[in-house]
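Participant: Contents of model-v4.txt (compact mmCIF, C-alpha atoms and all ligand atoms) are below:
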```txt
# COMPACT_ATOMS: atom_id res chain seq x y z
CA MET A 1 -61.68 0.71 -7.13
CA ASP A 2 -65.12 0.56 -5.59
CA ASP A 3 -65.93 -2.31 -3.28
CA ILE A 4 -69.13 -2.98 -5.16
CA LEU A 5 -69.22 -4.85 -8.43
CA THR A 6 -70.93 -2.94 -11.21
CA ILE A 7 -72.36 -4.48 -14.36
CA GLU A 8 -72.77 -2.05 -17.25
CA GLY A 9 -72.69 0.82 -14.77
CA VAL A 10 -75.29 -0.69 -12.43
CA ALA A 11 -74.22 -1.60 -8.89
CA ALA A 12 -74.79 -5.24 -7.97
CA ASP A 13 -76.12 -4.40 -4.50
CA ARG A 14 -78.75 -2.07 -5.97
CA LEU A 15 -79.84 -4.74 -8.42
CA ALA A 16 -80.09 -7.25 -5.59
CA SER A 17 -82.16 -4.96 -3.39
CA ALA A 18 -84.44 -3.94 -6.24
CA LEU A 19 -85.07 -7.42 -7.67
CA GLY A 20 -83.96 -9.89 -4.99
CA THR A 21 -81.62 -12.85 -5.38
CA PRO A 22 -80.83 -15.21 -6.99
CA LEU A 23 -80.84 -12.83 -9.92
CA ILE A 24 -79.41 -13.49 -13.37
CA VAL A 25 -78.09 -10.24 -14.80
CA TYR A 26 -77.27 -9.93 -18.49
CA SER A 27 -75.27 -7.15 -20.07
CA GLU A 28 -77.64 -6.24 -22.88
CA ARG A 29 -74.78 -4.57 -24.70
CA ALA A 30 -72.74 -7.80 -24.59
CA LEU A 31 -75.70 -9.74 -26.03
CA GLU A 32 -76.22 -7.21 -28.81
CA ASP A 33 -72.51 -6.99 -29.58
CA ARG A 34 -72.10 -10.74 -29.80
CA LEU A 35 -75.12 -11.17 -32.07
CA CYS A 36 -73.82 -8.36 -34.25
CA GLU A 37 -70.30 -9.87 -34.27
CA PHE A 38 -71.68 -13.20 -35.50
CA LYS A 39 -73.90 -11.53 -38.06
CA SER A 40 -71.18 -9.32 -39.51
CA SER A 41 -68.47 -12.02 -39.40
CA PHE A 42 -70.49 -14.82 -40.93
CA ARG A 43 -70.52 -13.35 -44.42
CA HIS A 44 -69.01 -14.51 -47.66
CA ALA A 45 -69.14 -13.07 -51.16
CA GLU A 46 -70.02 -16.45 -52.68
CA PHE A 47 -72.67 -17.69 -50.24
CA ASP A 48 -75.91 -16.60 -48.65
CA THR A 49 -75.36 -16.95 -44.93
CA GLN A 50 -77.59 -17.12 -41.87
CA VAL A 51 -76.78 -17.01 -38.17
CA ILE A 52 -79.43 -18.91 -36.22
CA TYR A 53 -79.46 -18.35 -32.45
CA ALA A 54 -80.07 -21.62 -30.56
CA SER A 55 -82.82 -20.51 -28.19
CA LYS A 56 -82.31 -23.48 -25.86
CA ALA A 57 -79.30 -21.61 -24.42
CA PHE A 58 -81.54 -18.83 -23.05
CA SER A 59 -84.95 -17.73 -24.20
CA CYS A 60 -87.35 -15.02 -23.10
CA THR A 61 -89.30 -12.42 -25.01
CA ALA A 62 -86.68 -9.69 -24.52
CA MET A 63 -83.91 -12.02 -25.73
CA LEU A 64 -85.89 -13.07 -28.78
CA LYS A 65 -86.41 -9.39 -29.63
CA LEU A 66 -82.64 -8.83 -29.56
CA VAL A 67 -82.16 -11.81 -31.87
CA GLU A 68 -84.83 -10.50 -34.22
CA ASN A 69 -83.40 -6.98 -34.23
CA ALA A 70 -79.92 -8.33 -34.99
CA GLY A 71 -81.36 -9.96 -38.12
CA CYS A 72 -80.57 -13.50 -36.94
CA GLY A 73 -82.71 -16.61 -37.17
CA LEU A 74 -83.90 -18.84 -34.34
CA ASP A 75 -83.37 -22.53 -33.59
CA VAL A 76 -86.23 -24.10 -31.63
CA VAL A 77 -86.43 -27.72 -30.48
CA SER A 78 -89.92 -28.11 -29.06
CA GLY A 79 -93.47 -26.91 -29.31
CA GLY A 80 -92.75 -24.75 -26.26
CA GLU A 81 -89.77 -22.98 -27.83
CA LEU A 82 -91.80 -22.59 -31.01
CA ALA A 83 -94.77 -21.11 -29.14
CA ALA A 84 -92.43 -18.77 -27.27
CA ALA A 85 -91.06 -17.52 -30.60
CA ASP A 86 -94.59 -17.03 -31.90
CA ASN A 87 -95.62 -15.25 -28.72
CA ALA A 88 -92.64 -12.90 -29.09
CA GLY A 89 -93.72 -12.12 -32.67
CA PHE A 90 -90.52 -13.61 -34.06
CA PRO A 91 -90.57 -13.83 -37.87
CA MET A 92 -91.41 -17.49 -38.48
CA ASP A 93 -89.62 -17.71 -41.81
CA ARG A 94 -86.38 -17.29 -39.83
CA VAL A 95 -87.16 -20.19 -37.48
CA VAL A 96 -85.66 -23.65 -37.90
CA PHE A 97 -87.31 -26.51 -36.03
CA HIS A 98 -84.96 -29.13 -34.57
CA GLY A 99 -85.42 -32.18 -32.37
CA ASN A 100 -85.03 -35.94 -32.50
CA ASN A 101 -88.59 -36.73 -31.49
CA LYS A 102 -90.94 -33.99 -32.59
CA THR A 103 -94.53 -35.01 -32.03
CA PRO A 104 -97.12 -34.88 -34.82
CA ASP A 105 -98.78 -31.98 -32.98
CA GLU A 106 -95.49 -30.06 -32.78
CA LEU A 107 -94.88 -30.61 -36.50
CA ARG A 108 -98.36 -29.39 -37.35
CA LEU A 109 -97.92 -26.30 -35.20
CA ALA A 110 -94.59 -25.56 -36.90
CA LEU A 111 -96.08 -25.93 -40.38
CA LYS A 112 -99.17 -23.93 -39.48
CA LEU A 113 -97.01 -21.11 -38.16
CA GLY A 114 -94.88 -21.26 -41.33
CA VAL A 115 -91.41 -22.05 -39.96
CA GLY A 116 -88.52 -21.57 -42.38
CA SER A 117 -87.15 -25.13 -42.20
CA ILE A 118 -87.74 -28.40 -40.44
CA ILE A 119 -84.57 -30.26 -39.58
CA VAL A 120 -85.69 -33.83 -40.09
CA ASP A 121 -84.01 -36.34 -37.83
CA ASN A 122 -84.98 -39.72 -39.29
CA PRO A 123 -87.03 -41.44 -42.01
CA ILE A 124 -90.12 -41.94 -39.85
CA GLU A 125 -90.21 -38.25 -39.08
CA LEU A 126 -89.98 -37.47 -42.79
CA THR A 127 -93.20 -39.44 -43.34
CA GLU A 128 -94.82 -37.51 -40.49
CA VAL A 129 -93.71 -34.17 -41.96
CA GLU A 130 -95.12 -35.09 -45.35
CA ARG A 131 -98.43 -36.19 -43.84
CA ALA A 132 -98.77 -33.00 -41.81
CA ALA A 133 -97.82 -30.79 -44.77
CA ALA A 134 -100.29 -32.61 -47.03
CA ASP A 135 -103.12 -32.25 -44.47
CA LEU A 136 -102.41 -28.56 -44.08
CA GLY A 137 -101.86 -27.97 -47.81
CA VAL A 138 -98.42 -26.46 -47.30
CA CYS A 139 -94.92 -27.21 -48.51
CA ALA A 140 -92.40 -28.14 -45.80
CA HIS A 141 -88.81 -27.04 -46.33
CA VAL A 142 -86.74 -29.97 -45.20
CA ILE A 143 -83.12 -30.15 -44.04
CA ILE A 144 -81.87 -33.63 -43.12
CA ARG A 145 -79.78 -34.05 -39.98
CA VAL A 146 -76.73 -36.19 -40.62
CA ASN A 147 -74.52 -37.38 -37.80
CA PRO A 148 -71.11 -36.77 -39.40
CA GLY A 149 -69.16 -39.22 -37.25
CA ILE A 150 -67.08 -36.40 -35.84
CA GLU A 151 -67.44 -35.49 -32.21
CA ALA A 152 -65.72 -32.42 -30.88
CA ASP A 153 -65.05 -31.95 -27.22
CA THR A 154 -63.34 -28.72 -26.26
CA HIS A 155 -59.93 -28.82 -27.97
CA LYS A 156 -60.04 -32.27 -29.51
CA TYR A 157 -62.15 -34.01 -32.06
CA ILE A 158 -62.56 -37.65 -32.88
CA ILE A 159 -63.49 -38.99 -36.28
CA THR A 160 -65.92 -41.90 -36.47
CA ALA A 161 -67.07 -40.98 -32.98
CA ASN A 162 -70.51 -41.33 -31.54
CA ILE A 163 -72.05 -43.30 -34.37
CA ASP A 164 -74.74 -44.30 -31.88
CA SER A 165 -75.86 -40.72 -31.30
CA LYS A 166 -79.57 -40.28 -30.82
CA PHE A 167 -79.46 -37.34 -33.22
CA GLY A 168 -79.71 -37.61 -37.00
CA VAL A 169 -78.85 -40.39 -39.42
CA SER A 170 -75.27 -41.59 -39.39
CA ILE A 171 -73.11 -40.56 -42.32
CA TYR A 172 -72.36 -44.26 -42.66
CA GLU A 173 -76.02 -44.95 -43.42
CA ARG A 174 -75.63 -43.25 -46.75
CA ASP A 175 -78.50 -44.99 -48.48
CA THR A 176 -80.95 -43.98 -45.78
CA VAL A 177 -80.04 -40.30 -46.13
CA PHE A 178 -80.10 -40.50 -49.92
CA GLU A 179 -83.52 -42.09 -49.86
CA MET A 180 -84.80 -39.41 -47.47
CA ALA A 181 -83.47 -36.67 -49.77
CA ARG A 182 -85.04 -38.37 -52.79
CA ARG A 183 -88.42 -38.65 -51.06
CA ALA A 184 -88.34 -35.02 -49.96
CA GLU A 185 -87.25 -33.83 -53.38
CA ASN A 186 -89.99 -35.78 -55.16
CA SER A 187 -92.81 -34.98 -52.77
CA ARG A 188 -95.50 -32.45 -53.65
CA HIS A 189 -95.59 -31.40 -50.01
CA MET A 190 -91.90 -31.11 -49.22
CA ARG A 191 -88.85 -29.40 -50.64
CA PHE A 192 -85.42 -30.79 -49.92
CA ASP A 193 -83.19 -27.86 -48.97
CA GLY A 194 -80.06 -29.42 -47.55
CA ILE A 195 -78.05 -31.10 -44.84
CA HIS A 196 -77.49 -30.26 -41.18
CA ILE A 197 -74.72 -31.36 -38.83
CA HIS A 198 -73.84 -30.43 -35.23
CA ILE A 199 -70.58 -31.74 -33.82
CA GLY A 200 -70.58 -30.89 -30.14
CA SER A 201 -70.33 -28.06 -27.68
CA GLN A 202 -67.73 -25.85 -26.02
CA ILE A 203 -65.43 -26.19 -29.05
CA PHE A 204 -62.44 -23.84 -28.72
CA GLY A 205 -60.56 -24.38 -31.94
CA ILE A 206 -61.29 -24.40 -35.62
CA ASP A 207 -59.97 -27.87 -36.48
CA PRO A 208 -63.14 -29.82 -35.62
CA TYR A 209 -65.21 -27.52 -37.82
CA ILE A 210 -62.78 -27.79 -40.73
CA ALA A 211 -62.74 -31.58 -40.41
CA ALA A 212 -66.55 -31.62 -40.30
CA VAL A 213 -66.90 -29.36 -43.35
CA ARG A 214 -64.54 -31.62 -45.33
CA GLU A 215 -66.35 -34.77 -44.26
CA ILE A 216 -69.83 -33.47 -45.00
CA SER A 217 -68.76 -31.88 -48.29
CA GLU A 218 -67.59 -35.27 -49.59
CA PHE A 219 -70.92 -36.69 -48.55
CA VAL A 220 -72.85 -33.84 -50.19
CA SER A 221 -70.84 -34.36 -53.36
CA GLU A 222 -71.96 -38.00 -53.56
CA LEU A 223 -75.52 -37.02 -52.72
CA GLU A 224 -75.53 -34.46 -55.51
CA LYS A 225 -74.15 -36.96 -58.01
CA GLU A 226 -76.68 -39.67 -57.13
CA VAL A 227 -79.80 -37.84 -56.01
CA CYS A 228 -80.22 -34.08 -56.26
CA GLY A 229 -78.66 -30.70 -55.56
CA VAL A 230 -78.03 -29.52 -51.99
CA LYS A 231 -78.72 -25.83 -51.51
CA VAL A 232 -78.17 -25.43 -47.78
CA LEU A 233 -75.46 -26.59 -45.41
CA ASP A 234 -76.31 -25.98 -41.75
CA LEU A 235 -73.22 -26.53 -39.60
CA GLY A 236 -74.85 -26.30 -36.15
CA GLY A 237 -73.46 -24.62 -33.04
CA GLY A 238 -70.90 -25.49 -30.39
CA PHE A 239 -68.71 -22.37 -30.28
CA ALA A 240 -66.99 -22.07 -26.91
CA ALA A 241 -67.39 -19.52 -24.11
CA ALA A 242 -64.70 -18.61 -21.57
CA TYR A 243 -65.88 -19.82 -18.16
CA VAL A 244 -62.64 -19.86 -16.17
CA ASP A 245 -59.19 -18.28 -16.43
CA GLY A 246 -57.05 -19.72 -19.19
CA GLU A 247 -59.97 -20.54 -21.47
CA THR A 248 -59.59 -18.55 -24.68
CA PRO A 249 -62.01 -19.35 -27.45
CA LEU A 250 -60.92 -18.34 -30.92
CA PRO A 251 -62.44 -14.95 -31.82
CA VAL A 252 -65.83 -15.28 -33.49
CA SER A 253 -64.62 -13.45 -36.59
CA ASP A 254 -61.78 -15.99 -37.10
CA VAL A 255 -64.04 -19.00 -36.61
CA CYS A 256 -66.64 -17.60 -38.99
CA SER A 257 -64.23 -16.64 -41.75
CA GLN A 258 -62.29 -19.91 -41.57
CA ILE A 259 -65.46 -22.00 -41.71
CA LEU A 260 -66.79 -20.09 -44.70
CA ASP A 261 -63.45 -20.16 -46.50
CA GLU A 262 -63.30 -23.94 -46.08
CA CYS A 263 -66.89 -24.28 -47.33
CA TYR A 264 -65.91 -22.30 -50.41
CA ARG A 265 -62.74 -24.36 -51.01
CA GLN A 266 -64.85 -27.54 -50.84
CA LYS A 267 -67.56 -26.09 -53.08
CA LYS A 268 -64.94 -25.27 -55.73
CA ALA A 269 -62.93 -28.48 -55.37
CA LEU A 270 -65.98 -30.77 -55.51
CA GLY A 271 -68.18 -28.65 -57.75
CA LEU A 272 -70.98 -28.47 -55.15
CA SER A 273 -74.13 -26.50 -55.78
CA VAL A 274 -74.42 -25.33 -52.14
CA GLU A 275 -75.67 -21.73 -52.04
CA LYS A 276 -76.27 -21.06 -48.38
CA ILE A 277 -74.35 -21.76 -45.16
CA MET A 278 -75.95 -21.57 -41.72
CA ILE A 279 -74.56 -21.78 -38.17
CA GLU A 280 -76.45 -22.10 -34.88
CA PRO A 281 -74.53 -20.57 -31.97
CA GLY A 282 -76.22 -20.71 -28.56
CA ARG A 283 -73.79 -20.72 -25.66
CA SER A 284 -71.28 -18.36 -27.28
CA VAL A 285 -73.98 -15.70 -27.72
CA VAL A 286 -75.27 -15.62 -24.15
CA ALA A 287 -72.91 -17.35 -21.68
CA GLU A 288 -70.40 -14.58 -21.03
CA ALA A 289 -73.07 -11.86 -20.94
CA GLY A 290 -74.69 -13.40 -17.85
CA THR A 291 -73.81 -13.13 -14.14
CA THR A 292 -75.78 -14.66 -11.29
CA LEU A 293 -76.05 -12.70 -8.07
CA TYR A 294 -76.67 -14.72 -4.92
CA THR A 295 -77.05 -13.69 -1.29
CA VAL A 296 -74.73 -15.53 1.06
CA GLY A 297 -76.38 -17.29 4.00
CA TYR A 298 -74.50 -19.42 6.47
CA THR A 299 -70.96 -20.63 6.27
CA LYS A 300 -69.89 -23.95 7.70
CA LYS A 301 -66.57 -25.58 8.51
CA THR A 302 -66.23 -29.33 8.19
CA ALA A 303 -63.15 -31.48 8.75
CA ASN A 304 -61.67 -30.65 5.36
CA LYS A 305 -63.76 -27.88 3.89
CA LYS A 306 -65.35 -24.54 4.44
CA TYR A 307 -68.73 -24.09 2.80
CA VAL A 308 -70.33 -20.83 1.74
CA PHE A 309 -74.05 -21.37 1.20
CA VAL A 310 -75.98 -19.26 -1.27
CA ASP A 311 -79.72 -18.75 -1.75
CA GLY A 312 -79.94 -20.68 -5.02
CA GLY A 313 -78.04 -23.63 -6.44
CA MET A 314 -78.74 -26.48 -8.82
CA SER A 315 -82.29 -25.18 -9.23
CA ASP A 316 -80.97 -22.13 -11.13
CA ASN A 317 -77.71 -23.65 -12.41
CA ILE A 318 -77.57 -27.41 -12.75
CA ARG A 319 -74.46 -27.42 -14.96
CA PRO A 320 -71.89 -28.12 -12.21
CA ALA A 321 -73.98 -31.03 -10.89
CA LEU A 322 -74.84 -32.30 -14.37
CA TYR A 323 -71.42 -32.25 -15.97
CA GLY A 324 -68.89 -30.76 -13.62
CA ALA A 325 -69.00 -27.28 -15.15
CA LYS A 326 -66.54 -24.77 -13.67
CA TYR A 327 -67.19 -21.12 -12.82
CA ARG A 328 -65.43 -18.00 -11.49
CA CYS A 329 -66.92 -15.80 -8.79
CA ASP A 330 -66.38 -12.64 -6.73
CA ALA A 331 -67.76 -11.28 -3.50
CA ALA A 332 -69.81 -8.58 -5.23
CA ASN A 333 -69.84 -6.23 -2.22
CA LYS A 334 -66.21 -6.87 -1.16
CA MET A 335 -64.36 -6.55 -4.43
CA ASN A 336 -61.18 -5.20 -2.81
CA ALA A 337 -61.03 -7.46 0.21
CA PRO A 338 -58.19 -10.00 0.25
CA ARG A 339 -59.20 -13.47 -0.90
CA SER A 340 -58.13 -15.12 2.30
CA GLU A 341 -60.35 -18.18 2.47
CA LYS A 342 -60.48 -21.33 0.43
CA VAL A 343 -64.16 -22.24 0.21
CA CYS A 344 -66.69 -24.42 -1.53
CA VAL A 345 -69.74 -22.50 -2.80
CA ALA A 346 -72.81 -24.67 -2.31
CA GLY A 347 -76.50 -24.18 -2.96
CA LYS A 348 -79.51 -24.75 -0.73
CA CYS A 349 -80.98 -27.80 -2.49
CA CYS A 350 -81.28 -31.19 -0.83
CA GLU A 351 -78.55 -32.89 -2.85
CA SER A 352 -74.92 -33.26 -1.80
CA GLY A 353 -74.02 -32.60 -5.43
CA ASP A 354 -75.63 -29.15 -5.24
CA ILE A 355 -72.30 -27.36 -5.56
CA ILE A 356 -71.78 -24.21 -7.64
CA ILE A 357 -67.98 -23.98 -7.29
CA GLU A 358 -66.04 -26.84 -5.72
CA GLN A 359 -63.08 -24.71 -4.63
CA THR A 360 -62.33 -21.01 -4.86
CA LEU A 361 -60.63 -18.25 -2.91
CA LEU A 362 -62.94 -15.58 -1.49
CA PRO A 363 -62.79 -12.90 1.21
CA LYS A 364 -64.28 -13.84 4.58
CA LEU A 365 -68.01 -13.73 3.97
CA GLU A 366 -70.91 -13.00 6.32
CA PRO A 367 -74.62 -13.66 5.94
CA GLY A 368 -76.08 -11.01 3.65
CA ASP A 369 -72.94 -10.60 1.52
CA LEU A 370 -73.41 -10.85 -2.24
CA LEU A 371 -71.75 -13.39 -4.47
CA ALA A 372 -71.44 -12.89 -8.23
CA VAL A 373 -70.93 -16.04 -10.32
CA TYR A 374 -69.82 -15.15 -13.84
CA THR A 375 -70.61 -16.62 -17.26
CA THR A 376 -73.95 -18.08 -16.22
CA GLY A 377 -75.85 -16.81 -19.26
CA ALA A 378 -76.18 -20.13 -21.13
CA TYR A 379 -78.11 -23.23 -20.08
CA GLY A 380 -78.67 -21.83 -16.59
CA TYR A 381 -82.14 -20.32 -16.60
CA SER A 382 -83.18 -22.55 -19.47
CA MET A 383 -82.40 -25.66 -17.40
CA ALA A 384 -83.71 -24.20 -14.13
CA SER A 385 -86.24 -26.19 -12.14
CA ASN A 386 -88.52 -25.92 -9.15
CA TYR A 387 -86.63 -28.63 -7.28
CA ASN A 388 -87.35 -28.26 -3.56
CA ARG A 389 -90.01 -25.80 -4.72
CA LEU A 390 -87.46 -23.07 -5.11
CA PRO A 391 -88.99 -20.36 -7.32
CA LEU A 392 -87.34 -19.65 -10.67
CA PRO A 393 -85.03 -16.62 -10.32
CA ALA A 394 -85.65 -13.21 -11.83
CA VAL A 395 -83.66 -12.07 -14.86
CA ALA A 396 -82.54 -8.50 -15.58
CA PHE A 397 -80.95 -6.83 -18.60
CA VAL A 398 -78.61 -3.93 -17.80
CA LYS A 399 -77.29 -1.33 -20.21
CA ASP A 400 -75.92 2.23 -19.97
CA GLY A 401 -76.42 2.40 -16.21
CA LYS A 402 -80.06 1.26 -16.39
CA ALA A 403 -81.72 -2.04 -15.54
CA ARG A 404 -84.91 -3.69 -16.71
CA CYS A 405 -86.46 -6.86 -15.39
CA VAL A 406 -87.08 -9.21 -18.35
CA ILE A 407 -88.30 -12.25 -16.38
CA LYS A 408 -90.06 -11.76 -13.06
CA ARG A 409 -89.19 -13.91 -10.08
CA GLN A 410 -91.63 -16.78 -9.92
CA PRO A 411 -94.15 -16.28 -7.11
CA TYR A 412 -94.83 -19.28 -4.83
CA GLU A 413 -98.46 -19.48 -6.05
CA ASP A 414 -97.18 -20.16 -9.55
CA MET A 415 -95.77 -23.46 -8.36
CA TRP A 416 -99.19 -24.89 -7.53
CA ARG A 417 -101.12 -23.05 -10.22
CA LEU A 418 -101.53 -26.31 -12.14
CA ASP A 419 -102.38 -28.51 -9.14
CA ALA A 420 -105.83 -29.99 -9.62
CA ASP A 421 -108.42 -32.44 -8.35
CA LEU A 422 -110.47 -33.10 -11.46
CA THR A 423 -112.42 -36.24 -12.31
CA VAL A 424 -111.22 -37.65 -15.59
CA ASP A 425 -113.86 -39.20 -17.85
CA ILE A 426 -112.28 -42.27 -19.44
C1 LIG A 501 -78.53 -28.87 -33.32
C2 LIG A 501 -77.94 -27.90 -32.36
N1 LIG A 501 -77.65 -26.64 -32.81
C3 LIG A 501 -77.13 -25.72 -31.97
C4 LIG A 501 -76.87 -26.01 -30.64
C5 LIG A 501 -76.27 -24.95 -29.77
O1 LIG A 501 -75.05 -25.35 -29.28
P1 LIG A 501 -74.13 -24.32 -28.46
O2 LIG A 501 -74.98 -23.72 -27.42
O3 LIG A 501 -73.05 -25.19 -27.92
O4 LIG A 501 -73.65 -23.32 -29.46
C6 LIG A 501 -77.13 -27.31 -30.15
C7 LIG A 501 -76.86 -27.65 -28.76
O5 LIG A 501 -77.20 -28.63 -28.21
C8 LIG A 501 -77.68 -28.27 -31.04
O6 LIG A 501 -77.96 -29.51 -30.64
```
Hey, can you dump this file as structure tokens for me?

Facilitator:
Amino acid sequence: MDDILTIEGVAADRLASALGTPLIVYSERALEDRLCEFKSSFRHAEFDTQVIYASKAFSCTAMLKLVENAGCGLDVVSGGELAAADNAGFPMDRVVFHGNNKTPDELRLALKLGVGSIIVDNPIELTEVERAAADLGVCAHVIIRVNPGIEADTHKYIITANIDSKFGVSIYERDTVFEMARRAENSRHMRFDGIHIHIGSQIFGIDPYIAAVREISEFVSELEKEVCGVKVLDLGGGFAAAYVDGETPLPVSDVCSQILDECYRQKKALGLSVEKIMIEPGRSVVAEAGTTLYTVGYTKKTANKKYVFVDGGMSDNIRPALYGAKYRCDAANKMNAPRSEKVCVAGKCCESGDIIIEQTLLPKLEPGDLLAVYTTGAYGYSMASNYNRLPLPAVAFVKDGKARCVIKRQPYEDMWRLDADLTVDI
């Protein structure tokens, strides 16, 4: 085996010298395959289905093109994500607009651009949607977000959990949801399409989804009896990715077929009029396709630890600092060297919590060596910051032995491009 890590036939050291580090490298094939796997698995003879990629996990023009080409929809949660979709020429009728606090301006932009659905979070927002739609002379397709009282966390789920979530209206506030559906249904400027739920993230098994489908189907059944038909059920995202050894998410095809089969069982058993089922995977589409390449700088021994410092950190991957996320790594230019040292991989930011991997075995590393941290494709770049004025990293897609840069490294000047000294007339 070669000493140099290759990704889709491209050597890591050549990528690093061509584009610099930190560099987030995506296997374009893995992205395409995963989108295609979701699209072909999430099908059912009795339902229309739609796979909506949650763009918060990773968004850039090249990624949005892959999503478009795969025939998937797009979940956006802000005016910025919406504008990025528009800028990429993404078909707006496939866009769903989420968020617990969309501003009137964001709602107007969404309606002007003609988004497919607005996922309405609360009654006040419904009023705002109606006002904006009336002003613009359009009809807003509305899906109401219900907090189903089920919270899934990796392998477990808890019923009646998180009733204080900031997202959606609790399933226990039945009358509020029913009244929202009634208002949307009866408005000249809105159409009530259905109900949305999202139960958590990094969910490995199927049980939480099955429990959620049962719970929401009962609710939909009551809603249909008392108010109106529900055409769409949007079940959100949360499908797991494998970050470290021993993590084995259920195959996408199993998750998809079991969810749809349960939806169909519930439709039959309760006589529901639901015609369309949607899901919104984010992490599971992009996480495993991404690898971050860092250049190693100094190493340091302390009383109890040996640190390996890399040229990025929480500025390009805040997940370990934010919620203790775990990662695997390799010395990308010493793939065959014995892993003789127990080290802590730390970044260069001025925070003690700026750790990428708390403890791992690596070969003895020198300044200039390359470190590859795997499974960094989701919520890495999209949560990146300019903390300590570190520039945002570059991003490359690799496929069939070729690489293309899809996001340029941020130049220093970009960080003070918006600095100003302007008198404000008040
Ligand atoms: C409403 C909604 N849909 C989809 C997603 C994507 O979740 P994941 O990346 O875990 O699949 C999220 C994540 O926060 C979400 O809040």

Participant: Need to verify the contact set: region 280-283 of chain A, 9 Å, all atoms listed in the file, exclusion of same-chain residues closer than 4 positions in sequence. Can you return it as an MDAnalysis selection string?

Facilitator: chainID A and resid 38 50:58 73:75 198 201:202 234:241 287:288 377:379

Participant: Using 3 Å of padding on each side, determine the axis-aligned box around all atoms of ligand LIG 501 (chain A) present in the file and give its centre and edge lengths in Å to one decimal, as lines of an AutoDock Vina configuration file.

Facilitator:
```
center_x = -75.8
center_y = -26.4
center_z = -30.4
size_x = 11.5
size_y = 12.2
size_z = 11.9
```

Participant: Identify the residues within 12 Å of coordinate (-65.9, -25.6, 9.8) (same frame as the file), considering only C-alpha atoms, and give the answer as a PyMOL selection string.

Facilitator: chain A and resi 298-308+341-344

Participant: Just give me the gap between atom O4 of ligand LIG 501 (chain A) and CA of Thr375 (chain A) in Å, one decimal is fine.

Facilitator: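 Interatomic distance, atom O4 of ligand LIG 501 (chain A) to CA of Thr375 (chain A): 14.2 Å.
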
Participant: Could you please determine the separation between CA of Ala152 (chain A) and CA of Asp207 (chain A) in Å, to one decimal place?

Facilitator: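 Separation between CA of Ala152 (chain A) and CA of Asp207 (chain A): 9.2 Å.
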
Participant: Work out how far apart CA of Arg34 (chain A) and CA of Pro208 (chain A) are and give it in Å to one decimal.

Facilitator: 21.9 Å

Participant: Do you know which residues are at most 8 Å from Ser217 (chain A) counting all atoms listed in the file, after dropping those on the same chain fewer than 4 positions away, and could you put them as a list of chain:residue names?

Facilitator: A:Val213, A:Ser221, A:Cys263, A:Gln266, A:Lys267, A:Leu270, A:Leu272

Participant: Which neighbours of Ile118 (chain A) fall inside 6 Å, counting all atoms listed in the file, when residues of the same chain fewer than 5 positions from it are skipped, and could you give them as a ChimeraX atom specification?

Facilitator: /A:96-97,142

Participant: With only C-alpha atoms as the counted atoms, please give the residues lying no more than 6 Å from Leu371 (chain A), apart from itself and same-chain residues fewer than 2 positions off, as number ranges by chain.

Facilitator: A: 293-294, 330-332

Participant: Residues within 8 Å of (-76.5, -21.2, -55.4), file coordinates, counting all atoms listed in the file: what are they? Give the list as a PyMOL selection string.

Facilitator: chain A and resi 47+231+273-276

Participant: Just C-alpha atoms for this one: save the residues we selected as a compact mmCIF listing (two decimals), in the coordinates of the input.

Facilitator:
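File written: again-v5.txt
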```txt
# COMPACT_ATOMS: atom_id res chain seq x y z
CA PHE A 47 -72.67 -17.69 -50.24
CA LYS A 231 -78.72 -25.83 -51.51
CA SER A 273 -74.13 -26.50 -55.78
CA VAL A 274 -74.42 -25.33 -52.14
CA GLU A 275 -75.67 -21.73 -52.04
CA LYS A 276 -76.27 -21.06 -48.38
```
